[in-house]
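A short write-up of the structure that comes next.
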Amino acid sequence: MADYAPSQGSTEYWCKYGSTPKLIKTNYFTWHPDMEPFLGSEEASGIVLGNEERPLAGQAYTICDFDLRSAKAITLIFNSCTQGIKTYIKGIQDLRVMWNTVEEKLNTANSRAGRTAVAVRFSQLRPLTNDINEYITTVLDCQNELAGTDKKISDETLNIKLTTTVPAVFRSVLDIIARQPLEIQTLDYLVNSHL
């Protein structure tokens, strides 16, 4: 079996360490933490974070090892992106530069316009299907993207969003939650109640 399974037309990226949705313009905050263990498995985390530099000339074995780990990590990152995202990083051969370029282009928390776009997306979110897990994940992604910014979404705001927008099929679960003591009605309780 190959180390990296091809997934050209798929929206899911598979490798020997697991899978993650391919990177698109709106899922950086779920893709990024999924990729970190993959990079760690290739012993490339230090390279990505800038804690490990390429060895000096004259250390042939360590240079070869560094280059191999870096190349494998570049392959992981590149292949886990959709075609539109690959245009940002095509031709980049430095792992750290590639990783930072992806963050610069797609980390919406880096700009006021990006934060505003995520806040607007959050306010307009409604479940499109009865797959409540997908909806909760999308809502939580918005909260994570805006955490630590001037547009952060509080747990209370998130609870209100979830309880006022879930499909009617889940109203009976909400009624049960509403009868619980207030101190129990936390975000974790709501999310884990399997709406």
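The chains in the structure tokens are called A, B, ... from first to last as shown; in each chain the residues are counted from 1, and the ligands are counted from 1 in the order shown.
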- Message: Among region 106-180 of chain A, which residues does DSSP mark as alpha helix (DSSP H) when it is run on the backbone? Keep the chain and numbering as in the structure and answer as an MDAnalysis selection string.
- Response: chainID A and resid 106 112:124 132:146 155:165 171:178
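Within 12 Å of Phe38 (chain A), once only C-alpha atoms are used and residues closer than 6 positions along the same chain are dropped, the contacting residues are A:Asp3, A:Tyr4, A:Tyr13, A:Trp14, A:Cys15, A:Lys16, A:Tyr17, A:Gly18, A:Ser19, A:Thr20, A:Trp31, A:His32, A:Ala44, A:Ser45, A:Val48, A:Arg69, A:Lys72, A:Ala73, A:Ile74, A:Thr75, A:Leu76, A:Ile77, A:Ser80.
Closest approach to Glu156 (chain A) from the set A:Glu134, A:Asp141, A:Asp175, A:Asp188 is made by A:Asp188, with distances taken over only C-alpha atoms.
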May I have a table of the residues of region 9-67 of chain A lying at most 9 Å from region 106-117 of chain A, giving each one's closest pair of atoms and their distance in Å to one decimal, counting only C-alpha atoms, ordered by chain and ascending residue number, as CSV?
residue,atom,partner,partner_atom,distance
A:Ile24,CA,A:Leu106,CA,8.5
A:Lys25,CA,A:Leu106,CA,6.1
A:Thr26,CA,A:Leu106,CA,7.6
A:Asn27,CA,A:Leu106,CA,8.5
A:Tyr28,CA,A:Leu106,CA,6.2
A:Phe29,CA,A:Asn107,CA,7.4
What would the file look like if the residues just selected were written as a compact mmCIF listing (two decimals), in the first residue's frame with N, CA, C and O atoms?
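Writing the result to selection_7.txt gives the following:
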# COMPACT_ATOMS: atom_id res chain seq x y z
N ILE A 24 -10.22 23.83 1.84
CA ILE A 24 -10.91 24.79 0.98
C ILE A 24 -10.85 26.15 1.67
O ILE A 24 -10.31 26.26 2.77
N LYS A 25 -11.42 27.16 1.06
CA LYS A 25 -11.32 28.51 1.63
C LYS A 25 -12.00 28.66 2.98
O LYS A 25 -11.66 29.56 3.73
N THR A 26 -12.94 27.79 3.32
CA THR A 26 -13.71 27.98 4.55
C THR A 26 -13.45 26.96 5.65
O THR A 26 -14.10 27.02 6.69
N ASN A 27 -12.51 26.03 5.50
CA ASN A 27 -12.33 25.03 6.55
C ASN A 27 -10.92 24.99 7.15
O ASN A 27 -10.51 23.99 7.71
N TYR A 28 -10.20 26.09 7.06
CA TYR A 28 -8.83 26.13 7.58
C TYR A 28 -8.78 25.71 9.05
O TYR A 28 -7.88 25.00 9.47
N PHE A 29 -9.75 26.15 9.85
CA PHE A 29 -9.70 25.89 11.28
C PHE A 29 -10.01 24.45 11.66
O PHE A 29 -9.77 24.06 12.79
- Message: So that I can check the surroundings of region 126-128 of chain A, please list as a list in words every protein, DNA and RNA residue that reaches within 8 Å of it, counting only C-alpha atoms and ignoring chain neighbours fewer than 5 positions away.
- Response: Tyr135, Thr165, Val166 and Pro167 of chain A
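Taking CA of Cys64 (chain A) and CA of Cys81 (chain A) as the two end points, the separation is 26.2 Å.
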